[in-house]
Every structure is written in structure tokens, then in C-alpha cells.
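Shown here: input_20.txt, compact mmCIF, C-alpha atoms and all ligand atoms.
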# COMPACT_ATOMS: atom_id res chain seq x y z
CA MET O 24 5.17 -25.27 -32.72
CA TYR O 25 4.18 -23.12 -35.70
CA PHE O 26 1.99 -25.88 -37.17
CA LYS O 27 0.39 -26.63 -33.81
CA MET O 28 -0.48 -22.95 -33.36
CA LYS O 29 -1.59 -22.53 -36.96
CA ALA O 30 -4.06 -25.42 -36.64
CA ARG O 31 -5.92 -23.47 -33.94
CA LEU O 32 -5.25 -19.87 -34.83
CA GLU O 33 -5.11 -19.63 -38.61
CA LYS O 34 -8.24 -17.47 -38.73
CA ILE O 35 -7.48 -15.48 -35.60
CA VAL O 36 -3.79 -14.45 -35.76
CA PRO O 37 -2.05 -13.14 -38.93
CA ASP O 38 0.49 -15.63 -40.31
CA VAL O 39 3.50 -13.35 -39.95
CA GLU O 40 2.68 -12.83 -36.26
CA LEU O 41 2.12 -16.57 -35.77
CA ARG O 42 5.56 -17.43 -37.20
CA TYR O 43 7.29 -14.92 -34.95
CA LYS O 44 5.36 -16.00 -31.84
CA ALA O 45 5.87 -19.70 -32.57
CA GLU O 46 9.63 -19.15 -32.40
CA LEU O 47 9.31 -17.42 -29.05
CA ALA O 48 7.01 -20.17 -27.79
CA ALA O 49 9.47 -22.90 -28.85
CA GLU O 50 12.28 -21.17 -26.98
CA ILE O 51 10.09 -20.84 -23.87
CA MET O 52 9.21 -24.56 -24.00
CA GLU O 53 12.91 -25.46 -24.11
CA LEU O 54 13.76 -23.26 -21.13
CA LYS O 55 10.70 -24.49 -19.23
CA ARG O 56 12.04 -28.07 -19.45
CA GLU O 57 15.59 -27.04 -18.53
CA LYS O 58 14.44 -25.11 -15.45
CA ASN O 59 11.81 -27.64 -14.32
CA ALA O 60 9.09 -24.98 -14.52
CA VAL O 61 5.34 -25.19 -14.95
CA ILE O 62 3.44 -22.49 -16.84
CA LEU O 63 -0.10 -21.63 -15.78
CA GLY O 64 -2.16 -19.51 -18.18
CA HIS O 65 -5.39 -17.69 -17.35
CA ASN O 66 -8.26 -17.81 -19.85
CA TYR O 67 -7.62 -14.12 -20.63
CA MET O 68 -4.17 -14.69 -22.16
CA GLU O 69 -3.78 -13.61 -25.79
CA PRO O 70 -4.47 -16.47 -28.24
CA ALA O 71 -0.86 -17.11 -29.35
CA LEU O 72 0.24 -17.50 -25.73
CA TYR O 73 -2.89 -19.35 -24.59
CA TYR O 74 -2.55 -21.99 -27.31
CA SER O 75 1.21 -22.56 -27.04
CA ILE O 76 3.18 -22.54 -23.77
CA PRO O 77 0.89 -23.21 -20.76
CA ASP O 78 0.84 -26.65 -19.13
CA PHE O 79 -2.55 -25.72 -17.77
CA VAL O 80 -5.06 -23.06 -18.77
CA GLY O 81 -8.15 -22.20 -16.78
CA ASP O 82 -10.02 -19.82 -14.51
CA SER O 83 -8.80 -18.46 -11.19
CA LEU O 84 -10.09 -21.44 -9.21
CA ASP O 85 -8.62 -24.03 -11.56
CA LEU O 86 -5.23 -22.37 -11.58
CA SER O 87 -5.16 -22.08 -7.76
CA ARG O 88 -5.76 -25.83 -7.62
CA LYS O 89 -3.03 -26.52 -10.17
CA ALA O 90 -0.63 -24.25 -8.30
CA ALA O 91 -1.39 -26.16 -5.08
CA GLN O 92 -0.62 -29.51 -6.74
CA THR O 93 2.54 -28.80 -8.70
CA ASP O 94 5.86 -30.54 -7.97
CA LYS O 95 7.87 -28.25 -10.29
CA ASP O 96 10.55 -25.90 -8.89
CA ILE O 97 9.27 -22.79 -10.66
CA ILE O 98 5.71 -21.63 -11.35
CA VAL O 99 5.47 -19.07 -14.16
CA PHE O 100 2.08 -17.42 -13.83
CA CYS O 101 0.71 -15.99 -17.06
CA GLY O 102 -2.03 -13.97 -15.40
CA VAL O 103 -2.10 -10.99 -13.06
CA LYS O 104 -0.35 -10.31 -9.77
CA PHE O 105 -3.09 -11.44 -7.38
CA MET O 106 -3.14 -14.82 -9.16
CA ALA O 107 0.64 -15.25 -8.90
CA GLU O 108 0.42 -14.29 -5.23
CA THR O 109 -2.21 -16.98 -4.68
CA ALA O 110 0.20 -19.51 -6.21
CA LYS O 111 2.93 -18.32 -3.82
CA ILE O 112 0.55 -18.44 -0.85
CA LEU O 113 -0.11 -22.11 -1.63
CA ASN O 114 3.51 -22.98 -2.52
CA PRO O 115 5.85 -21.03 -0.25
CA SER O 116 8.89 -23.13 -1.15
CA ASN O 117 8.50 -22.72 -4.92
CA THR O 118 9.73 -19.80 -6.96
CA VAL O 119 6.74 -18.02 -8.48
CA LEU O 120 7.41 -15.71 -11.43
CA LEU O 121 5.07 -13.13 -12.95
CA PRO O 122 6.33 -12.07 -16.41
CA SER O 123 5.38 -8.40 -15.91
CA ASP O 124 5.54 -6.16 -12.85
CA LYS O 125 2.67 -4.09 -14.25
CA ALA O 126 -0.04 -6.76 -14.31
CA GLY O 127 -2.37 -5.44 -11.60
CA CYS O 128 -6.17 -5.48 -11.33
CA SER O 129 -8.65 -2.67 -10.63
CA LEU O 130 -10.51 -4.86 -8.13
CA ALA O 131 -7.40 -5.84 -6.18
CA ALA O 132 -6.36 -2.15 -6.10
CA SER O 133 -9.76 -1.07 -4.73
CA ILE O 134 -9.30 -2.28 -1.15
CA THR O 135 -6.60 -2.41 1.54
CA ALA O 136 -6.11 -4.63 4.57
CA GLU O 137 -6.91 -1.61 6.76
CA ASP O 138 -10.28 -1.21 4.96
CA VAL O 139 -11.10 -4.82 5.85
CA ARG O 140 -10.08 -4.28 9.47
CA ALA O 141 -12.34 -1.21 9.63
CA LEU O 142 -15.27 -3.28 8.30
CA LYS O 143 -14.57 -5.96 10.89
CA ARG O 144 -14.64 -3.31 13.62
CA LYS O 145 -17.96 -2.01 12.29
CA PHE O 146 -19.51 -5.49 11.98
CA PRO O 147 -17.97 -7.48 14.81
CA GLY O 148 -18.34 -11.25 14.42
CA VAL O 149 -19.51 -11.10 10.81
CA PRO O 150 -17.50 -13.45 8.55
CA VAL O 151 -15.48 -11.93 5.70
CA VAL O 152 -15.49 -13.45 2.22
CA THR O 153 -12.97 -11.98 -0.18
CA TYR O 154 -12.87 -12.51 -3.90
CA VAL O 155 -9.50 -13.96 -4.97
CA ASN O 156 -9.03 -10.75 -6.97
CA THR O 157 -7.36 -9.17 -3.91
CA TYR O 158 -3.80 -8.96 -2.61
CA ALA O 159 -2.39 -11.29 0.03
CA ASP O 160 -2.73 -8.86 2.96
CA VAL O 161 -6.46 -8.49 2.23
CA LYS O 162 -6.89 -12.26 1.95
CA ALA O 163 -5.10 -12.56 5.30
CA GLU O 164 -7.87 -10.51 6.97
CA SER O 165 -10.57 -12.81 5.57
CA ASN O 166 -12.27 -15.96 6.80
CA ILE O 167 -12.52 -17.47 3.34
CA CYS O 168 -11.86 -16.58 -0.31
CA CYS O 169 -14.06 -17.22 -3.33
CA THR O 170 -13.90 -16.98 -7.10
CA SER O 171 -16.72 -16.10 -9.47
CA SER O 172 -17.38 -19.81 -9.98
CA ASN O 173 -17.91 -20.72 -6.31
CA ALA O 174 -19.00 -17.42 -4.69
CA LYS O 175 -22.57 -18.58 -3.99
CA ALA O 176 -21.39 -21.93 -2.53
CA VAL O 177 -18.83 -20.16 -0.35
CA VAL O 178 -21.40 -17.69 1.03
CA GLU O 179 -23.87 -20.50 1.69
CA SER O 180 -21.18 -22.61 3.39
CA LEU O 181 -20.95 -20.00 6.16
CA HIS O 182 -24.58 -20.52 7.32
CA THR O 183 -24.84 -16.93 8.56
CA ASP O 184 -27.46 -14.31 7.84
CA THR O 185 -24.86 -11.60 7.37
CA VAL O 186 -21.68 -11.77 5.34
CA ILE O 187 -19.07 -9.18 4.45
CA PHE O 188 -18.29 -9.75 0.76
CA LEU O 189 -15.35 -7.84 -0.78
CA PRO O 190 -14.40 -6.00 -2.91
CA ASP O 191 -16.49 -6.32 -6.11
CA GLU O 192 -19.69 -4.29 -5.88
CA TYR O 193 -21.24 -6.08 -8.85
CA LEU O 194 -20.23 -9.64 -7.98
CA ALA O 195 -21.53 -9.02 -4.44
CA SER O 196 -24.84 -7.69 -5.82
CA ASN O 197 -25.18 -10.69 -8.12
CA VAL O 198 -24.41 -13.17 -5.32
CA ALA O 199 -26.74 -11.29 -2.92
CA ARG O 200 -29.57 -11.76 -5.42
CA GLU O 201 -28.76 -15.46 -5.84
CA THR O 202 -28.63 -16.07 -2.09
CA GLY O 203 -31.66 -13.89 -1.26
CA LYS O 204 -29.71 -11.30 0.72
CA GLN O 205 -30.10 -7.55 0.83
CA ILE O 206 -26.91 -5.68 -0.09
CA ILE O 207 -25.63 -2.62 1.78
CA PHE O 208 -22.55 -0.44 1.27
CA PRO O 209 -21.70 1.11 4.64
CA ALA O 210 -19.74 4.30 5.24
CA LEU O 211 -16.67 3.61 7.34
CA THR O 212 -15.30 5.42 10.35
CA PRO O 213 -11.52 5.70 9.91
CA ALA O 214 -9.55 3.81 12.56
CA PRO O 215 -7.96 5.90 15.31
CA LEU O 216 -4.31 6.56 14.43
CA SER O 217 -3.20 4.42 17.36
CA LEU O 218 -4.92 1.37 15.79
CA GLN O 219 -3.97 1.81 12.14
CA GLY O 220 -1.94 -1.07 10.73
CA ARG O 221 -2.30 -3.08 13.96
CA GLY O 222 -4.32 -6.12 12.93
CA ALA O 223 -7.97 -6.71 13.64
CA GLY O 224 -8.04 -5.30 17.17
CA GLY O 225 -9.83 -2.18 18.35
CA GLU O 226 -13.47 -1.23 18.33
CA ASP O 227 -15.49 0.97 16.01
CA PRO O 228 -17.05 3.82 18.02
CA HIS O 229 -20.23 3.15 15.99
CA PRO O 230 -20.42 -0.63 15.51
CA SER O 231 -23.35 -1.86 13.45
CA PRO O 232 -26.10 -3.75 15.31
CA ILE O 233 -25.99 -6.37 12.51
CA SER O 234 -24.23 -9.51 13.69
CA GLY O 235 -23.16 -12.74 11.96
CA ARG O 236 -25.97 -14.95 13.24
CA GLY O 237 -29.61 -14.39 13.83
CA ALA O 238 -29.93 -11.02 12.09
CA GLY O 239 -33.31 -12.26 10.85
CA GLY O 240 -35.01 -11.91 7.48
CA GLU O 241 -33.23 -13.07 4.36
CA GLY O 242 -29.89 -11.77 5.57
CA VAL O 243 -27.57 -8.96 4.62
CA MET O 244 -24.49 -8.80 2.46
CA VAL O 245 -22.08 -6.00 3.32
CA GLY O 246 -20.35 -4.91 0.13
CA TRP O 247 -17.57 -2.63 -1.07
CA ARG O 248 -17.50 -0.33 -4.09
CA GLY O 249 -14.74 -2.01 -6.11
CA ARG O 250 -15.31 -2.69 -9.80
CA CYS O 251 -13.61 -4.49 -12.64
CA GLU O 252 -12.64 -1.82 -15.14
CA VAL O 253 -13.38 -4.23 -18.00
CA HIS O 254 -16.75 -5.68 -17.01
CA GLU O 255 -18.23 -2.40 -15.78
CA LYS O 256 -18.10 -1.17 -19.38
CA PHE O 257 -20.82 -3.51 -20.68
CA THR O 258 -24.32 -2.01 -20.63
CA VAL O 259 -27.93 -3.12 -21.06
CA ALA O 260 -28.07 -0.78 -24.09
CA ASP O 261 -25.30 -2.91 -25.71
CA ILE O 262 -27.40 -6.03 -25.13
CA GLU O 263 -30.59 -4.44 -26.47
CA ALA O 264 -28.78 -3.25 -29.60
CA VAL O 265 -27.45 -6.76 -30.28
CA ARG O 266 -30.80 -8.43 -29.62
CA ALA O 267 -32.53 -5.97 -31.99
CA GLN O 268 -30.20 -7.08 -34.78
CA PHE O 269 -29.89 -10.78 -33.84
CA PRO O 270 -33.09 -11.83 -32.00
CA ASP O 271 -31.84 -15.43 -31.64
CA VAL O 272 -28.47 -14.52 -30.08
CA VAL O 273 -27.49 -16.15 -26.78
CA ILE O 274 -25.70 -13.69 -24.50
CA LEU O 275 -23.23 -14.76 -21.81
CA SER O 276 -21.86 -12.39 -19.18
CA HIS O 277 -19.28 -12.61 -16.40
CA PRO O 278 -20.69 -11.99 -12.88
CA GLU O 279 -18.35 -8.98 -12.56
CA CYS O 280 -20.82 -7.24 -14.93
CA SER O 281 -23.56 -5.08 -13.37
CA PRO O 282 -26.66 -6.87 -12.02
CA GLU O 283 -28.69 -5.22 -14.80
CA VAL O 284 -26.38 -6.65 -17.49
CA VAL O 285 -26.42 -10.08 -15.82
CA ALA O 286 -30.24 -9.98 -15.65
CA ALA O 287 -30.44 -9.05 -19.35
CA SER O 288 -28.11 -11.96 -20.32
CA ASP O 289 -29.11 -15.56 -20.99
CA PHE O 290 -26.29 -17.02 -18.90
CA SER O 291 -23.81 -15.69 -16.37
CA GLY O 292 -20.77 -17.55 -15.08
CA GLY O 293 -17.03 -17.43 -14.50
CA THR O 294 -14.63 -17.80 -17.39
CA ASN O 295 -14.56 -21.63 -17.36
CA ALA O 296 -18.36 -21.82 -17.13
CA MET O 297 -18.69 -19.56 -20.18
CA ILE O 298 -16.20 -21.67 -22.16
CA LYS O 299 -18.19 -24.83 -21.34
CA TYR O 300 -21.50 -23.16 -22.17
CA VAL O 301 -20.28 -22.21 -25.66
CA GLU O 302 -18.93 -25.75 -26.25
CA GLN O 303 -22.40 -27.12 -25.54
CA THR O 304 -24.67 -24.48 -27.04
CA LYS O 305 -26.57 -25.05 -30.24
CA ALA O 306 -27.52 -21.36 -30.51
CA PRO O 307 -27.18 -19.88 -34.01
CA HIS O 308 -25.19 -16.91 -32.64
CA TYR O 309 -23.62 -16.19 -29.30
CA LEU O 310 -22.01 -13.18 -27.67
CA VAL O 311 -19.62 -13.28 -24.73
CA LEU O 312 -19.52 -10.19 -22.51
CA THR O 313 -16.08 -10.48 -21.00
CA GLU O 314 -12.46 -9.64 -21.77
CA CYS O 315 -11.93 -9.83 -25.54
CA ALA O 316 -8.86 -12.12 -25.70
CA MET O 317 -11.01 -14.83 -24.16
CA GLY O 318 -13.52 -14.21 -26.93
CA ASP O 319 -10.73 -14.94 -29.43
CA ASN O 320 -9.74 -18.09 -27.56
CA ILE O 321 -13.32 -19.35 -27.52
CA ALA O 322 -13.78 -18.52 -31.21
CA ALA O 323 -10.58 -20.47 -32.03
CA ALA O 324 -11.86 -23.53 -30.16
CA ASN O 325 -15.33 -23.39 -31.78
CA PRO O 326 -14.74 -22.56 -35.45
CA ASP O 327 -18.11 -24.01 -36.48
CA LYS O 328 -20.08 -21.68 -34.19
CA ASP O 329 -21.04 -18.10 -34.91
CA MET O 330 -19.60 -15.81 -32.28
CA LEU O 331 -20.62 -12.16 -32.64
CA ARG O 332 -17.32 -10.28 -32.35
CA LEU O 333 -18.72 -7.20 -30.70
CA CYS O 334 -16.64 -7.10 -27.54
CA SER O 335 -13.43 -5.19 -27.75
CA VAL O 336 -12.55 -4.51 -24.15
CA ARG O 337 -9.09 -5.90 -23.39
CA CYS O 338 -7.96 -6.08 -19.77
CA PRO O 339 -4.93 -3.75 -19.72
CA HIS O 340 -3.38 -5.83 -16.93
CA MET O 341 -3.71 -9.23 -18.61
CA ASN O 342 -2.43 -7.52 -21.75
CA GLN O 343 0.92 -6.93 -20.00
CA ILE O 344 1.71 -10.64 -20.18
CA THR O 345 3.41 -11.37 -23.49
CA LEU O 346 5.47 -14.23 -24.90
CA GLU O 347 8.48 -11.91 -24.98
CA ASP O 348 8.16 -11.15 -21.27
CA THR O 349 7.52 -14.78 -20.40
CA LEU O 350 10.76 -15.73 -22.13
CA ALA O 351 12.59 -12.95 -20.26
CA ALA O 352 10.98 -14.15 -17.00
CA LEU O 353 12.46 -17.62 -17.44
CA LYS O 354 15.85 -16.34 -18.63
CA GLN O 355 16.25 -13.72 -15.91
CA ASN O 356 14.22 -15.32 -13.12
CA ARG O 357 11.87 -12.33 -12.87
CA TYR O 358 9.57 -10.99 -11.41
CA VAL O 359 9.82 -13.05 -8.25
CA ILE O 360 6.64 -12.96 -6.14
CA GLU O 361 7.20 -12.70 -2.39
CA VAL O 362 4.60 -12.75 0.37
CA PRO O 363 5.72 -12.09 3.98
CA GLU O 364 5.32 -15.34 5.94
CA GLU O 365 3.06 -13.87 8.63
CA ILE O 366 0.60 -12.69 5.94
CA ARG O 367 1.00 -15.82 3.82
CA VAL O 368 0.01 -18.19 6.63
CA ARG O 369 -3.23 -16.32 7.32
CA ALA O 370 -4.03 -15.84 3.62
CA ALA O 371 -3.38 -19.56 2.98
CA ARG O 372 -6.08 -20.50 5.49
CA ALA O 373 -8.65 -18.43 3.59
CA VAL O 374 -7.60 -19.80 0.19
CA GLN O 375 -7.45 -23.43 1.39
CA ARG O 376 -10.92 -23.16 2.95
CA MET O 377 -12.18 -22.07 -0.46
CA ILE O 378 -10.39 -24.91 -2.27
CA ALA O 379 -11.92 -27.40 0.16
CA ILE O 380 -15.38 -26.17 -0.87
CA GLY O 381 -14.48 -26.51 -4.58
P1 LIG U 401 -12.40 -16.09 -13.42
O1 LIG U 401 -12.23 -16.47 -11.99
O2 LIG U 401 -13.79 -16.31 -13.92
O3 LIG U 401 -11.36 -16.75 -14.25
O4 LIG U 401 -12.20 -14.51 -13.55
C1 LIG U 401 -11.03 -13.85 -13.19
C2 LIG U 401 -11.05 -12.45 -13.59
O5 LIG U 401 -10.13 -11.71 -13.35
C3 LIG U 401 -12.24 -11.96 -14.25
O6 LIG U 401 -12.09 -10.65 -14.62
FE1 LIG U 402 -9.01 -7.44 -12.79
FE2 LIG U 402 -11.03 -7.00 -14.45
FE3 LIG U 402 -8.62 -7.45 -15.44
FE4 LIG U 402 -10.00 -9.46 -14.27
S1 LIG U 402 -10.52 -8.35 -16.17
S2 LIG U 402 -7.84 -8.96 -13.96
S3 LIG U 402 -11.06 -8.33 -12.64
S4 LIG U 402 -9.24 -5.68 -14.18
Before we go any further, please render this structure as C-alpha cells.
Amino acid sequence: MYFKMKARLEKIVPDVELRYKAELAAEIMELKREKNAVILGHNYMEPALYYSIPDFVGDSLDLSRKAAQTDKDIIVFCGVKFMAETAKILNPSNTVLLPSDKAGCSLAASITAEDVRALKRKFPGVPVVTYVNTYADVKAESNICCTSSNAKAVVESLHTDTVIFLPDEYLASNVARETGKQIIFPALTPAPLSLQGRGAGGEDPHPSPISGRGAGGEGVMVGWRGRCEVHEKFTVADIEAVRAQFPDVVILSHPECSPEVVAASDFSGGTNAMIKYVEQTKAPHYLVLTECAMGDNIAAANPDKDMLRLCSVRCPHMNQITLEDTLAALKQNRYVIEVPEEIRVRAARAVQRMIAIG
């Protein structure tokens, strides 16, 4: 294990750390076999974990697909809680473990199921698309989910002028631009107490005249003011400063960055799309505006390419997932992800519709 990790990570991880982590990784691999478990690792995992224990690494969409296909008894999800929940939604009979109970997400925390119900009351008949970066009860209120890699295709698959797109303000703005829609962020009327927590029923006293079909024009996207606490930190000033110093740099950004940052970049795509772009680029220098562990992982896979190491924003939630905690997760069967069946069934419909689109 040490030599396998060293081959990839010699220039990225100090040797003393590699030796220690290789021992942990070897122990995890042994337990994984014994317990008939599969380990899924998101692209934002730290390099020593990313390049050692996962059976599959990938973006949110990839890992949902892998979770849906597995025949193993246990899924250990090295990612954040909404991802592990998606695995459980798709595999109710499997045990799904998340190595930390603190691996949240600022986007998932930005919206509740009641917020979605209030939007549905305000815009009756308008389909709801939710980003997978949401919890199961929010997915359950949605018609379909999306990830950053298929958001445009999902919105277009609905064939409606108006779409509610939640909860990422910036992803929604970027998809609205791509699909030619105008974006609005409505104020909500709180639900009457008698309706709170009671499903989608009830009527808004001030419903919007916008409806799903035939709203005319280019269409409207109804957004929400959630943001990724990592990607909101990148600015156009950062990009200008880098371009001033390296005029031939190619800049990649995640679509959770602001529309201004995306417009100032050369390429924008989900985590897998960025990995592929770097593999294929012949640019003399490149810069990846996303979570910094993924920058390390890309640099390790492309040692002959010049990555500008100017991003240092680590997702505090992804950072909770360590080799130590993954070992403890397998040893102690923790933290078990549960989704109430009534919510799971409705959330599964939205996730499966997305998977069918690809
Ligand atoms: P991807 O779907 O591109 O992997 O992104 C997930 C995420 O959490 C980005 O911040
Ligand atoms: Fe959530 Fe942002 Fe972290 Fe992704 S990087 S898990 S969107 S906080």
C-alpha cells in the first residue's frame, strides 16, 4: 500500500505522513473485504484517502450511479451527508455508513422541506428541480434532482417555461444563463400554522401568476439564496490577478462559483468534467477554482502539467472524512444513515428520474 500511494503522492504528501496513512489504508482494505463493503470516494477527498481505499472515486452523479449498482452489504461513503443519504435512498436494504457525523454542506443546510412546500404553494404547477446537495426530505418534495454535470439537461428535459431550481443561487444563475431563462428570487409568505409540516397541500394567499407551461418569453427560473461556502469565495479579482501574472493560464471553475467568476473562466464544469479537461489540456499553466484537495488530486494525476497552486479553500465538511474515521466506521459500524421510508420513496423517484437522464 505504501509503495502504491508513494508512486502517486511522493510530491504531494510528506513521506512520514504517507507511511502512517498507508498503514491505516491497509487495515481498512482488510476490513472492507471481511465485511463485504464497498467504499465510494468523492473527488474532494484528501489525496492519501482518494488514492488508497475507494473502490470508486467520482463526482456526485457518478457515485449515485455506483451506489445504485452495488451488490455489497455495506456502502461506506467517503463524502458528505447528503451524498450518503442519496446512496441510502437508492439502496434501502444496504447499510450505508458515513465516517463522520459532522460532514454537512452549506447548500444542503440552506433549505428545508417546508421552504420547498411554500414555493410550490406560491408557484402552483411549476416543476421543482433540486440539486443533489440537499437532504432527503427536500428531495422528496421535488420532481427531479440534478447535479452540476447534468443540471442543464435536467431543466431542458422538463419542457416548461418556468422551473423552480433549488437551492444554489449561483448554480441556478449559471443554468438560467445557459438555458436562456430569467432568474428571480421570490419572497415567501410563511405557511399558516395549520399547514406547516403537512406536505404539499394548502394554498398561498398570494400565488404567483407564473405557471409551469406557457409563461411566454424565454422562461423563468425561480431560485433560492443558498450558496456553497467554498465556491462563493472565488472572485473575478482573483482571476484578473492570475491572468496579469500568467497571461496564458487556462482557468477552470465549478458552476457553484458566481456567474461573474464562471464568465471570467475559460471552462466551467462539475468535478469530473474539470478532471477530464485537465487530462486533455495542452495549456502551459492551468488553475482550478474549486475545493483544494481536488486540486492536489489532479496535480498528482498530471505531474507533467503545470498547475498553479493558488487555491487554498478546503471544504470543512469534506475535511471531516479521514482515514482514521473511515477505519472506525468499519470497525464500529458507524455512522449509520437512515431515511424514513415515506420520505425515501418520494426522494428515490426524484433521484431515479435524474439518473435516467444521465
Ligand atoms: P460535483 O457534483 O461536481 O462532484 O460537486 C459536488 C460538490 O459538492 C461541489 O461542491
Ligand atoms: Fe457543500 Fe460546498 Fe462542501 Fe460541496 S464544497 S460539500 S457544495 S460546502
Please find the residues contacting ligand LIG 401 (chain U) at a distance of at most 9 Å between atoms, with only C-alpha atoms and all ligand atoms counted, and report them as an NGL selection string.
:O and (65-67 or 81-86 or 102-103 or 106 or 128 or 130 or 155-156 or 169-172 or 251-254 or 277-279 or 292-297 or 313-314 or 338 or 341)
Taking into account all atoms listed in the file, which residue in the set O:Thr157, O:Asn117, O:Gln355, O:Ser75 is nearest to ligand LIG 402 (chain U)?
O:Thr157
Using all atoms listed in the file, which residue out of O:Tyr158, O:Phe26, O:Tyr73, O:Phe208 lies closest to ligand LIG 402 (chain U)?
O:Tyr158
Can you measure atom CA of O:Glu255 to atom CA of O:Phe100 for me? One decimal in Å is fine.
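Calculated distance between atom CA of O:Glu255 and atom CA of O:Phe100 is 25.3 Å.
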Which residue is closest to O:Leu181? Choose from O:Val198, O:Ile321, O:Val152, O:Val39 and count all atoms listed in the file.
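Of all the options, O:Val152 lies closest to O:Leu181.
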With all atoms listed in the file as the atoms that count, which of O:Ser231, O:Asn197, O:Gln343, O:Asn114 lies nearest to ligand LIG 402 (chain U)?
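The answer is O:Gln343, which sits nearest to ligand LIG 402 (chain U).
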I want to know what sits within 8 Å of O:Leu41, based on all atoms listed in the file, with residues of the same chain fewer than 3 positions away left out; could you give that as a tab-separated table (two decimals) with C-alpha atoms, keeping the file's coordinate frame?
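Contents of out-v9.tsv, freshly written:
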chain	number	residue	atom	x	y	z
O	25	TYR	CA	4.18	-23.12	-35.70
O	28	MET	CA	-0.48	-22.95	-33.36
O	29	LYS	CA	-1.59	-22.53	-36.96
O	36	VAL	CA	-3.79	-14.45	-35.76
O	37	PRO	CA	-2.05	-13.14	-38.93
O	38	ASP	CA	0.49	-15.63	-40.31
O	44	LYS	CA	5.36	-16.00	-31.84
O	45	ALA	CA	5.87	-19.70	-32.57
O	71	ALA	CA	-0.86	-17.11	-29.35
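Taking atom CA of O:Trp247 as the reference point, atom CA of O:Phe188 is found at 7.4 Å.
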Write out as a list of chain:residue names the residues lying within 8 Å of stretch 359-368 of chain O, counting all atoms listed in the file and excluding same-chain residues fewer than 3 positions away.
O:Ala107, O:Glu108, O:Lys111, O:Ile112, O:Thr118, O:Val119, O:Leu120, O:Leu121, O:Ala159, O:Asp160, O:Ala163, O:Asn356, O:Ala371, O:Arg372
Could the residues in this selection be saved with C-alpha atoms as a JSON list (two decimals), keeping the file's coordinate frame?
[["chain", "number", "residue", "atom", "x", "y", "z"],
["O", 107, "ALA", "CA", 0.64, -15.25, -8.90],
["O", 108, "GLU", "CA", 0.42, -14.29, -5.23],
["O", 111, "LYS", "CA", 2.93, -18.32, -3.82],
["O", 112, "ILE", "CA", 0.55, -18.44, -0.85],
["O", 118, "THR", "CA", 9.73, -19.80, -6.96],
["O", 119, "VAL", "CA", 6.74, -18.02, -8.48],
["O", 120, "LEU", "CA", 7.41, -15.71, -11.43],
["O", 121, "LEU", "CA", 5.07, -13.13, -12.95],
["O", 159, "ALA", "CA", -2.39, -11.29, 0.03],
["O", 160, "ASP", "CA", -2.73, -8.86, 2.96],
["O", 163, "ALA", "CA", -5.10, -12.56, 5.30],
["O", 356, "ASN", "CA", 14.22, -15.32, -13.12],
["O", 371, "ALA", "CA", -3.38, -19.56, 2.98],
["O", 372, "ARG", "CA", -6.08, -20.50, 5.49]]
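For the choices O:Ile298, O:Met317, O:Ala30, O:Val285, the atom-to-atom distance to ligand LIG 402 (chain U) is smallest for O:Met317 when using all atoms listed in the file.
The gap separating atom CA of O:Val80 from atom CA of O:Thr304 is 21.3 Å, in Å to one decimal.
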Best match for closeness to ligand LIG 402 (chain U) among O:Gln205, O:Ser165, O:Asn342, O:Ser276, counting all atoms listed in the file
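Ranked by minimum distance to ligand LIG 402 (chain U), first place goes to O:Asn342.
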Please output stretch 284-297 of chain O, rebuilt to include N, CA, C and O atoms, as a CSV table (one decimal), keeping the file's coordinate frame.
chain,number,residue,atom,x,y,z
O,284,VAL,N,-26.9,-5.9,-16.3
O,284,VAL,CA,-26.4,-6.6,-17.5
O,284,VAL,C,-26.5,-8.2,-17.3
O,284,VAL,O,-27.0,-8.9,-18.2
O,285,VAL,N,-26.3,-8.6,-16.1
O,285,VAL,CA,-26.4,-10.1,-15.8
O,285,VAL,C,-27.9,-10.5,-16.0
O,285,VAL,O,-28.2,-11.5,-16.6
O,286,ALA,N,-28.8,-9.6,-15.5
O,286,ALA,CA,-30.2,-10.0,-15.6
O,286,ALA,C,-30.7,-10.0,-17.1
O,286,ALA,O,-31.5,-10.8,-17.5
O,287,ALA,N,-30.1,-9.1,-17.9
O,287,ALA,CA,-30.4,-9.0,-19.4
O,287,ALA,C,-29.7,-10.1,-20.2
O,287,ALA,O,-30.0,-10.3,-21.4
O,288,SER,N,-28.8,-10.9,-19.6
O,288,SER,CA,-28.1,-12.0,-20.3
O,288,SER,C,-28.9,-13.3,-20.2
O,288,SER,O,-29.7,-13.4,-19.4
O,289,ASP,N,-28.5,-14.2,-21.1
O,289,ASP,CA,-29.1,-15.6,-21.0
O,289,ASP,C,-28.4,-16.5,-20.0
O,289,ASP,O,-28.9,-17.4,-19.5
O,290,PHE,N,-27.1,-16.2,-19.8
O,290,PHE,CA,-26.3,-17.0,-18.9
O,290,PHE,C,-25.2,-16.1,-18.3
O,290,PHE,O,-24.7,-15.3,-18.9
O,291,SER,N,-24.9,-16.4,-17.0
O,291,SER,CA,-23.8,-15.7,-16.4
O,291,SER,C,-23.0,-16.7,-15.6
O,291,SER,O,-23.5,-17.6,-14.9
O,292,GLY,N,-21.7,-16.6,-15.8
O,292,GLY,CA,-20.8,-17.6,-15.1
O,292,GLY,C,-19.3,-17.1,-15.2
O,292,GLY,O,-19.0,-16.2,-16.0
O,293,GLY,N,-18.5,-17.7,-14.4
O,293,GLY,CA,-17.0,-17.4,-14.5
O,293,GLY,C,-16.5,-17.8,-15.9
O,293,GLY,O,-17.2,-18.4,-16.7
O,294,THR,N,-15.2,-17.6,-16.0
O,294,THR,CA,-14.6,-17.8,-17.4
O,294,THR,C,-14.7,-19.3,-17.8
O,294,THR,O,-15.1,-19.5,-19.0
O,295,ASN,N,-14.4,-20.2,-17.0
O,295,ASN,CA,-14.6,-21.6,-17.4
O,295,ASN,C,-16.0,-22.0,-17.7
O,295,ASN,O,-16.3,-22.7,-18.7
O,296,ALA,N,-16.9,-21.5,-16.9
O,296,ALA,CA,-18.4,-21.8,-17.1
O,296,ALA,C,-18.8,-21.3,-18.5
O,296,ALA,O,-19.6,-22.0,-19.2
O,297,MET,N,-18.3,-20.1,-18.9
O,297,MET,CA,-18.7,-19.6,-20.2
O,297,MET,C,-18.1,-20.4,-21.3
O,297,MET,O,-18.7,-20.7,-22.3
